[in-house]
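Student: I am attaching a structure below and will ask some questions about it afterwards.
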Amino acid sequence: MASVPAAQPLVHRLRDLVDRVRRVTDSPWLTHLARAGLIAYGAVHLLIAFLALRMSLGLRGADADQTGALLTVAAGPGGEFLLVAIGLGMLSLALWQAAEVLLWWHGLLDPEHRVHTAVVCAKCLAKGAVYGVLGLTALLFAAGFVYEADERLRDLTEETLLIPGGALLIGTVAAGVVGVGIYTFVRGCTGGFMRDIDLPAAPDRWEPVIEALGRIGYLAKGIAFGLVGVLLWRAAASADASTATGLDGAMTAIAGVDAGPWLLGGVAAGFAAFGVYALARARYPDRDPSQ
(Lines give C-alpha, C1' and ligand atoms only; values in the text may rest on other atoms or scores of the structure.)
Protein backbone atom coordinates (compact mmCIF):
# COMPACT_ATOMS: atom_id res chain seq x y z
CA MET A 1 0.00 0.00 0.00
CA ALA A 2 1.32 3.44 -0.92
CA SER A 3 2.88 5.38 1.91
CA VAL A 4 1.11 8.42 3.32
CA PRO A 5 2.62 11.70 2.05
CA ALA A 6 4.85 13.35 4.60
CA ALA A 7 2.87 16.56 4.39
CA GLN A 8 -0.39 14.88 5.36
CA PRO A 9 -1.60 15.90 8.83
CA LEU A 10 -0.55 13.59 11.63
CA VAL A 11 -4.14 12.77 12.52
CA HIS A 12 -4.77 11.47 9.01
CA ARG A 13 -1.70 9.28 9.21
CA LEU A 14 -2.88 7.94 12.53
CA ARG A 15 -6.35 7.24 11.12
CA ASP A 16 -4.81 5.30 8.25
CA LEU A 17 -2.63 3.25 10.61
CA VAL A 18 -5.57 2.51 12.90
CA ASP A 19 -7.73 1.46 9.95
CA ARG A 20 -5.06 -1.01 8.84
CA VAL A 21 -4.75 -2.50 12.32
CA ARG A 22 -8.52 -2.72 12.67
CA ARG A 23 -8.82 -4.64 9.41
CA VAL A 24 -6.52 -7.23 10.97
CA THR A 25 -8.61 -7.45 14.14
CA ASP A 26 -11.76 -7.79 12.03
CA SER A 27 -10.37 -10.78 10.16
CA PRO A 28 -12.50 -13.96 10.18
CA TRP A 29 -9.76 -16.03 11.81
CA LEU A 30 -9.58 -13.74 14.84
CA THR A 31 -13.38 -13.76 15.10
CA HIS A 32 -13.34 -17.57 15.13
CA LEU A 33 -10.67 -17.57 17.84
CA ALA A 34 -12.71 -15.05 19.83
CA ARG A 35 -15.70 -17.36 19.56
CA ALA A 36 -13.54 -20.14 20.94
CA GLY A 37 -12.64 -17.80 23.79
CA LEU A 38 -16.32 -17.13 24.51
CA ILE A 39 -16.95 -20.87 24.60
CA ALA A 40 -14.10 -21.21 27.11
CA TYR A 41 -15.50 -18.29 29.11
CA GLY A 42 -18.90 -19.98 29.25
CA ALA A 43 -17.34 -23.29 30.24
CA VAL A 44 -15.42 -21.64 33.09
CA HIS A 45 -18.65 -20.18 34.47
CA LEU A 46 -20.38 -23.55 34.21
CA LEU A 47 -17.52 -25.06 36.21
CA ILE A 48 -17.80 -22.30 38.82
CA ALA A 49 -21.52 -23.07 39.05
CA PHE A 50 -20.72 -26.75 39.56
CA LEU A 51 -18.19 -25.99 42.31
CA ALA A 52 -20.61 -23.59 44.01
CA LEU A 53 -23.34 -26.23 43.88
CA ARG A 54 -20.99 -28.75 45.53
CA MET A 55 -20.29 -26.17 48.23
CA SER A 56 -24.02 -25.66 48.81
CA LEU A 57 -24.31 -29.42 49.37
CA GLY A 58 -21.51 -29.34 51.94
CA LEU A 59 -18.92 -30.84 49.61
CA ARG A 60 -15.55 -29.12 49.30
CA GLY A 61 -13.14 -29.38 46.44
CA ALA A 62 -11.51 -26.73 44.30
CA ASP A 63 -12.42 -23.11 45.08
CA ALA A 64 -15.64 -21.89 43.50
CA ASP A 65 -13.94 -19.22 41.39
CA GLN A 66 -11.99 -18.83 38.15
CA THR A 67 -8.79 -20.40 39.46
CA GLY A 68 -10.75 -23.27 40.98
CA ALA A 69 -12.41 -23.89 37.63
CA LEU A 70 -9.04 -23.91 35.87
CA LEU A 71 -7.61 -26.29 38.48
CA THR A 72 -10.57 -28.58 37.82
CA VAL A 73 -9.73 -28.52 34.11
CA ALA A 74 -6.05 -29.20 34.86
CA ALA A 75 -6.94 -32.28 36.92
CA GLY A 76 -9.00 -33.81 34.12
CA PRO A 77 -7.93 -35.78 31.03
CA GLY A 78 -5.87 -33.66 28.66
CA GLY A 79 -5.88 -30.87 31.22
CA GLU A 80 -2.70 -29.18 30.04
CA PHE A 81 -3.88 -29.11 26.42
CA LEU A 82 -7.28 -27.76 27.45
CA LEU A 83 -5.68 -25.03 29.56
CA VAL A 84 -3.56 -23.92 26.61
CA ALA A 85 -6.65 -23.91 24.38
CA ILE A 86 -8.58 -21.87 26.97
CA GLY A 87 -5.68 -19.46 27.39
CA LEU A 88 -5.19 -18.82 23.69
CA GLY A 89 -8.92 -18.52 23.12
CA MET A 90 -9.31 -16.02 25.96
CA LEU A 91 -6.35 -13.94 24.77
CA SER A 92 -7.84 -13.85 21.27
CA LEU A 93 -11.14 -12.76 22.78
CA ALA A 94 -9.32 -10.04 24.75
CA LEU A 95 -7.67 -8.71 21.58
CA TRP A 96 -10.93 -8.91 19.61
CA GLN A 97 -12.82 -7.00 22.30
CA ALA A 98 -10.16 -4.40 23.10
CA ALA A 99 -9.63 -3.70 19.40
CA GLU A 100 -13.06 -2.07 19.30
CA VAL A 101 -11.28 0.99 20.70
CA LEU A 102 -9.77 1.35 17.23
CA LEU A 103 -13.23 2.15 15.88
CA TRP A 104 -14.03 4.78 18.49
CA TRP A 105 -10.76 6.48 19.39
CA HIS A 106 -11.21 9.37 16.96
CA GLY A 107 -14.27 10.46 18.95
CA LEU A 108 -11.83 11.53 21.67
CA LEU A 109 -10.76 14.33 19.34
CA ASP A 110 -14.32 15.68 19.19
CA PRO A 111 -15.25 17.71 22.31
CA GLU A 112 -18.95 17.04 21.70
CA HIS A 113 -18.56 13.25 21.84
CA ARG A 114 -15.45 12.96 24.00
CA VAL A 115 -17.13 11.78 27.21
CA HIS A 116 -19.32 9.18 25.49
CA THR A 117 -16.35 7.92 23.49
CA ALA A 118 -14.20 7.66 26.61
CA VAL A 119 -16.88 5.55 28.33
CA VAL A 120 -17.17 3.26 25.31
CA CYS A 121 -13.40 2.84 25.07
CA ALA A 122 -13.14 2.17 28.81
CA LYS A 123 -15.77 -0.59 28.52
CA CYS A 124 -13.88 -2.19 25.63
CA LEU A 125 -10.57 -2.11 27.46
CA ALA A 126 -12.11 -3.34 30.74
CA LYS A 127 -13.69 -6.33 29.03
CA GLY A 128 -10.45 -7.04 27.20
CA ALA A 129 -8.52 -6.89 30.48
CA VAL A 130 -10.87 -9.37 32.19
CA TYR A 131 -10.56 -11.83 29.32
CA GLY A 132 -6.81 -11.30 29.09
CA VAL A 133 -6.18 -11.97 32.79
CA LEU A 134 -8.17 -15.20 32.62
CA GLY A 135 -6.29 -16.23 29.49
CA LEU A 136 -2.89 -15.55 31.04
CA THR A 137 -3.93 -17.43 34.19
CA ALA A 138 -4.88 -20.47 32.11
CA LEU A 139 -1.50 -20.41 30.34
CA LEU A 140 0.34 -20.04 33.66
CA PHE A 141 -1.54 -23.03 35.04
CA ALA A 142 -0.67 -25.01 31.92
CA ALA A 143 3.00 -24.17 32.54
CA GLY A 144 2.75 -25.41 36.13
CA PHE A 145 2.51 -22.05 37.94
CA VAL A 146 -0.54 -22.74 40.10
CA TYR A 147 -2.06 -20.51 42.76
CA GLU A 148 -5.41 -19.90 44.44
CA ALA A 149 -7.01 -16.51 43.91
CA ASP A 150 -8.29 -16.16 47.49
CA GLU A 151 -4.89 -16.88 49.04
CA ARG A 152 -3.13 -14.55 46.64
CA LEU A 153 -5.63 -11.78 47.36
CA ARG A 154 -5.13 -12.14 51.11
CA ASP A 155 -1.34 -12.02 50.69
CA LEU A 156 -1.57 -8.87 48.55
CA THR A 157 -3.95 -7.28 51.04
CA GLU A 158 -1.66 -8.06 53.96
CA GLU A 159 1.35 -6.62 52.11
CA THR A 160 -0.59 -3.50 51.14
CA LEU A 161 -1.81 -2.89 54.70
CA LEU A 162 1.83 -2.66 55.81
CA ILE A 163 2.58 0.37 53.65
CA PRO A 164 1.49 3.96 54.46
CA GLY A 165 -1.96 4.62 53.06
CA GLY A 166 -2.43 0.93 52.35
CA ALA A 167 -5.83 0.74 54.01
CA LEU A 168 -7.04 3.71 51.92
CA LEU A 169 -5.78 2.03 48.76
CA ILE A 170 -7.57 -1.21 49.60
CA GLY A 171 -10.72 0.72 50.45
CA THR A 172 -10.54 2.41 47.05
CA VAL A 173 -10.17 -0.93 45.30
CA ALA A 174 -13.06 -2.30 47.35
CA ALA A 175 -15.25 0.62 46.27
CA GLY A 176 -14.31 -0.14 42.66
CA VAL A 177 -15.24 -3.81 43.06
CA VAL A 178 -18.57 -2.85 44.61
CA GLY A 179 -19.08 -0.48 41.69
CA VAL A 180 -18.45 -3.31 39.25
CA GLY A 181 -20.95 -5.44 41.15
CA ILE A 182 -23.58 -2.70 41.00
CA TYR A 183 -22.91 -2.11 37.30
CA THR A 184 -23.21 -5.83 36.59
CA PHE A 185 -26.43 -6.07 38.60
CA VAL A 186 -27.94 -3.03 36.87
CA ARG A 187 -26.95 -4.45 33.48
CA GLY A 188 -28.88 -7.56 34.37
CA CYS A 189 -31.91 -5.46 35.34
CA THR A 190 -31.87 -3.33 32.19
CA GLY A 191 -30.92 -6.07 29.73
CA GLY A 192 -28.05 -3.97 28.34
CA PHE A 193 -26.00 -7.15 27.89
CA MET A 194 -28.19 -8.04 24.90
CA ARG A 195 -26.15 -5.60 22.82
CA ASP A 196 -23.35 -8.18 22.99
CA ILE A 197 -25.52 -10.58 20.98
CA ASP A 198 -26.07 -10.25 17.24
CA LEU A 199 -29.85 -10.46 17.58
CA PRO A 200 -30.67 -10.26 13.83
CA ALA A 201 -28.61 -13.42 13.33
CA ALA A 202 -30.32 -15.31 16.17
CA PRO A 203 -33.70 -17.04 15.70
CA ASP A 204 -36.54 -14.98 17.17
CA ARG A 205 -37.71 -17.88 19.33
CA TRP A 206 -34.36 -17.95 21.17
CA GLU A 207 -34.22 -14.24 21.98
CA PRO A 208 -36.39 -14.41 25.17
CA VAL A 209 -34.47 -17.48 26.36
CA ILE A 210 -31.10 -15.80 25.84
CA GLU A 211 -32.34 -12.66 27.58
CA ALA A 212 -33.70 -14.60 30.57
CA LEU A 213 -30.43 -16.52 30.96
CA GLY A 214 -28.41 -13.32 30.69
CA ARG A 215 -30.54 -11.49 33.25
CA ILE A 216 -30.24 -14.30 35.79
CA GLY A 217 -26.51 -14.61 35.16
CA TYR A 218 -25.73 -10.91 35.43
CA LEU A 219 -27.83 -10.54 38.59
CA ALA A 220 -26.01 -13.45 40.25
CA LYS A 221 -22.59 -12.15 39.24
CA GLY A 222 -23.49 -8.65 40.42
CA ILE A 223 -24.42 -9.94 43.86
CA ALA A 224 -21.26 -12.04 44.11
CA PHE A 225 -18.91 -9.24 43.02
CA GLY A 226 -20.65 -6.76 45.31
CA LEU A 227 -20.10 -9.10 48.25
CA VAL A 228 -16.42 -9.48 47.31
CA GLY A 229 -16.09 -5.70 47.46
CA VAL A 230 -17.82 -5.51 50.84
CA LEU A 231 -15.52 -8.17 52.31
CA LEU A 232 -12.49 -6.35 50.92
CA TRP A 233 -13.74 -3.10 52.45
CA ARG A 234 -14.06 -4.87 55.82
CA ALA A 235 -10.43 -5.92 55.52
CA ALA A 236 -9.42 -2.29 54.92
CA ALA A 237 -11.57 -0.95 57.76
CA SER A 238 -10.38 -3.53 60.28
CA ALA A 239 -6.80 -3.82 58.97
CA ASP A 240 -7.39 -7.57 59.03
CA ALA A 241 -6.25 -9.24 55.83
CA SER A 242 -7.94 -12.51 56.78
CA THR A 243 -11.33 -11.03 55.86
CA ALA A 244 -10.16 -10.15 52.35
CA THR A 245 -11.42 -12.72 49.93
CA GLY A 246 -12.33 -13.30 46.33
CA LEU A 247 -15.22 -15.04 44.68
CA ASP A 248 -14.80 -18.31 46.56
CA GLY A 249 -14.81 -16.43 49.86
CA ALA A 250 -17.98 -14.64 48.83
CA MET A 251 -19.56 -18.00 48.06
CA THR A 252 -18.47 -19.26 51.47
CA ALA A 253 -19.97 -16.18 53.13
CA ILE A 254 -23.28 -16.79 51.39
CA ALA A 255 -23.25 -20.42 52.48
CA GLY A 256 -22.69 -19.35 56.09
CA VAL A 257 -25.92 -17.38 56.57
CA ASP A 258 -29.37 -18.71 57.38
CA ALA A 259 -30.73 -20.57 54.36
CA GLY A 260 -27.20 -20.28 52.98
CA PRO A 261 -27.21 -23.55 51.03
CA TRP A 262 -30.40 -22.52 49.25
CA LEU A 263 -29.05 -19.06 48.49
CA LEU A 264 -25.76 -20.49 47.28
CA GLY A 265 -27.65 -22.95 45.11
CA GLY A 266 -29.44 -19.97 43.57
CA VAL A 267 -26.13 -18.19 42.92
CA ALA A 268 -24.78 -21.40 41.36
CA ALA A 269 -27.81 -21.51 39.07
CA GLY A 270 -27.12 -17.88 38.15
CA PHE A 271 -23.52 -18.61 37.19
CA ALA A 272 -24.71 -21.61 35.17
CA ALA A 273 -27.20 -19.35 33.38
CA PHE A 274 -24.40 -16.90 32.60
CA GLY A 275 -22.29 -19.74 31.24
CA VAL A 276 -25.06 -20.75 28.83
CA TYR A 277 -25.56 -17.09 27.88
CA ALA A 278 -21.84 -16.86 27.05
CA LEU A 279 -22.20 -19.91 24.81
CA ALA A 280 -25.10 -18.19 23.04
CA ARG A 281 -22.93 -15.11 22.62
CA ALA A 282 -20.25 -17.31 21.08
CA ARG A 283 -22.81 -18.46 18.53
CA TYR A 284 -24.03 -14.92 17.76
CA PRO A 285 -21.20 -12.55 18.84
CA ASP A 286 -21.38 -8.77 18.68
CA ARG A 287 -18.75 -6.57 20.31
CA ASP A 288 -20.34 -3.17 19.55
CA PRO A 289 -20.78 -1.26 22.85
CA SER A 290 -21.79 2.00 21.17
CA GLN A 291 -25.22 2.46 22.73
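Just remember, in the C-alpha coordinates the first chain shown is A, the second B, etc., residues are 1-based per chain, and ligands are 1-based in the order shown.
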Fewer than 3 positions away in the same chain doesn't count, so skip those; otherwise give me all residues within 9 Å of A:Leu247, counting only C-alpha atoms, as a list in words.

Tutor: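 After dropping sequence-adjacent residues, the list is Asp63, Ala64, Asp65, Gln66, Ala149, Asp150, Ala224, Phe225, Leu227, Val228, Ala250, Met251 and Thr252 of chain A.
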
Student: Using N, CA and C atoms, can you export the residues from the last selection as a PDB file, in the first residue's frame?

Tutor:
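After the write, part.pdb holds the following:
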```pdb
ATOM      1  N   ASP A  63     -11.702 -24.351  44.772  1.00  0.00           N
ATOM      2  CA  ASP A  63     -12.417 -23.114  45.083  1.00  0.00           C
ATOM      3  C   ASP A  63     -13.450 -22.805  44.004  1.00  0.00           C
ATOM      4  N   ALA A  64     -14.564 -22.238  44.435  1.00  0.00           N
ATOM      5  CA  ALA A  64     -15.641 -21.892  43.497  1.00  0.00           C
ATOM      6  C   ALA A  64     -15.355 -20.524  42.873  1.00  0.00           C
ATOM      7  N   ASP A  65     -14.294 -20.449  42.085  1.00  0.00           N
ATOM      8  CA  ASP A  65     -13.940 -19.221  41.387  1.00  0.00           C
ATOM      9  C   ASP A  65     -13.187 -19.583  40.111  1.00  0.00           C
ATOM     10  N   GLN A  66     -12.631 -18.573  39.441  1.00  0.00           N
ATOM     11  CA  GLN A  66     -11.988 -18.835  38.153  1.00  0.00           C
ATOM     12  C   GLN A  66     -10.789 -19.765  38.288  1.00  0.00           C
ATOM     13  N   ALA A 149      -6.724 -17.947  43.943  1.00  0.00           N
ATOM     14  CA  ALA A 149      -7.007 -16.515  43.913  1.00  0.00           C
ATOM     15  C   ALA A 149      -7.244 -15.952  45.305  1.00  0.00           C
ATOM     16  N   ASP A 150      -7.988 -16.663  46.146  1.00  0.00           N
ATOM     17  CA  ASP A 150      -8.285 -16.159  47.486  1.00  0.00           C
ATOM     18  C   ASP A 150      -7.014 -15.983  48.313  1.00  0.00           C
ATOM     19  N   ALA A 224     -22.517 -11.432  43.666  1.00  0.00           N
ATOM     20  CA  ALA A 224     -21.264 -12.044  44.109  1.00  0.00           C
ATOM     21  C   ALA A 224     -20.124 -11.027  44.131  1.00  0.00           C
ATOM     22  N   PHE A 225     -19.988 -10.227  43.068  1.00  0.00           N
ATOM     23  CA  PHE A 225     -18.914  -9.238  43.023  1.00  0.00           C
ATOM     24  C   PHE A 225     -19.125  -8.145  44.074  1.00  0.00           C
ATOM     25  N   LEU A 227     -20.483  -8.525  46.955  1.00  0.00           N
ATOM     26  CA  LEU A 227     -20.101  -9.102  48.249  1.00  0.00           C
ATOM     27  C   LEU A 227     -18.583  -9.173  48.377  1.00  0.00           C
ATOM     28  N   VAL A 228     -17.888  -9.485  47.281  1.00  0.00           N
ATOM     29  CA  VAL A 228     -16.422  -9.482  47.313  1.00  0.00           C
ATOM     30  C   VAL A 228     -15.904  -8.100  47.709  1.00  0.00           C
ATOM     31  N   ALA A 250     -16.614 -15.163  48.863  1.00  0.00           N
ATOM     32  CA  ALA A 250     -17.980 -14.637  48.826  1.00  0.00           C
ATOM     33  C   ALA A 250     -18.990 -15.777  48.821  1.00  0.00           C
ATOM     34  N   MET A 251     -18.688 -16.826  48.072  1.00  0.00           N
ATOM     35  CA  MET A 251     -19.564 -17.996  48.060  1.00  0.00           C
ATOM     36  C   MET A 251     -19.645 -18.627  49.452  1.00  0.00           C
ATOM     37  N   THR A 252     -18.497 -18.694  50.126  1.00  0.00           N
ATOM     38  CA  THR A 252     -18.466 -19.261  51.475  1.00  0.00           C
ATOM     39  C   THR A 252     -19.291 -18.409  52.431  1.00  0.00           C
TER      40      THR A 252
END
```

Student: I'd like the contact shell of A:Thr243 - 10 Å cut-off, only C-alpha atoms, skipping same-chain residues fewer than 2 positions apart - returned as a PyMOL selection string.

Tutor: chain A and resi 154+157+230-236+238-241+245-246+249

Student: Give me the residues of stretch 133-243 of chain A that have any atom at most 10 Å from an atom of stretch 254-270 of chain A; for each, the nearest atom pair and the distance in Å, rounded to one decimal. Use only C-alpha atoms, sort by chain and number, and format it as a tab-separated table.

Tutor:
```
residue	atom	partner	partner_atom	distance
A:Leu213	CA	A:Gly270	CA	8.0
A:Gly214	CA	A:Gly270	CA	8.8
A:Arg215	CA	A:Gly270	CA	8.8
A:Ile216	CA	A:Gly270	CA	5.3
A:Gly217	CA	A:Gly270	CA	4.5
A:Tyr218	CA	A:Gly270	CA	7.6
A:Leu219	CA	A:Gly270	CA	7.4
A:Ala220	CA	A:Gly270	CA	5.0
A:Lys221	CA	A:Gly270	CA	7.4
A:Ile223	CA	A:Val267	CA	8.5
A:Ala224	CA	A:Val267	CA	7.9
A:Leu227	CA	A:Ile254	CA	8.9
```

Student: Mind checking which residues fall within 10 Å of stretch 274-279 of chain A, counting only C-alpha atoms, ignoring those fewer than 6 positions away in the same chain, and posting them as a count of residues only?

Tutor: 34

Student: Would you mind telling me which residue in A:Gly188, A:Asp248, A:Tyr147, A:Gly226 lies nearest to A:Gly176 when using only C-alpha atoms?

Tutor: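 When distances to A:Gly176 are compared using only C-alpha atoms, the smallest one comes from A:Gly226.
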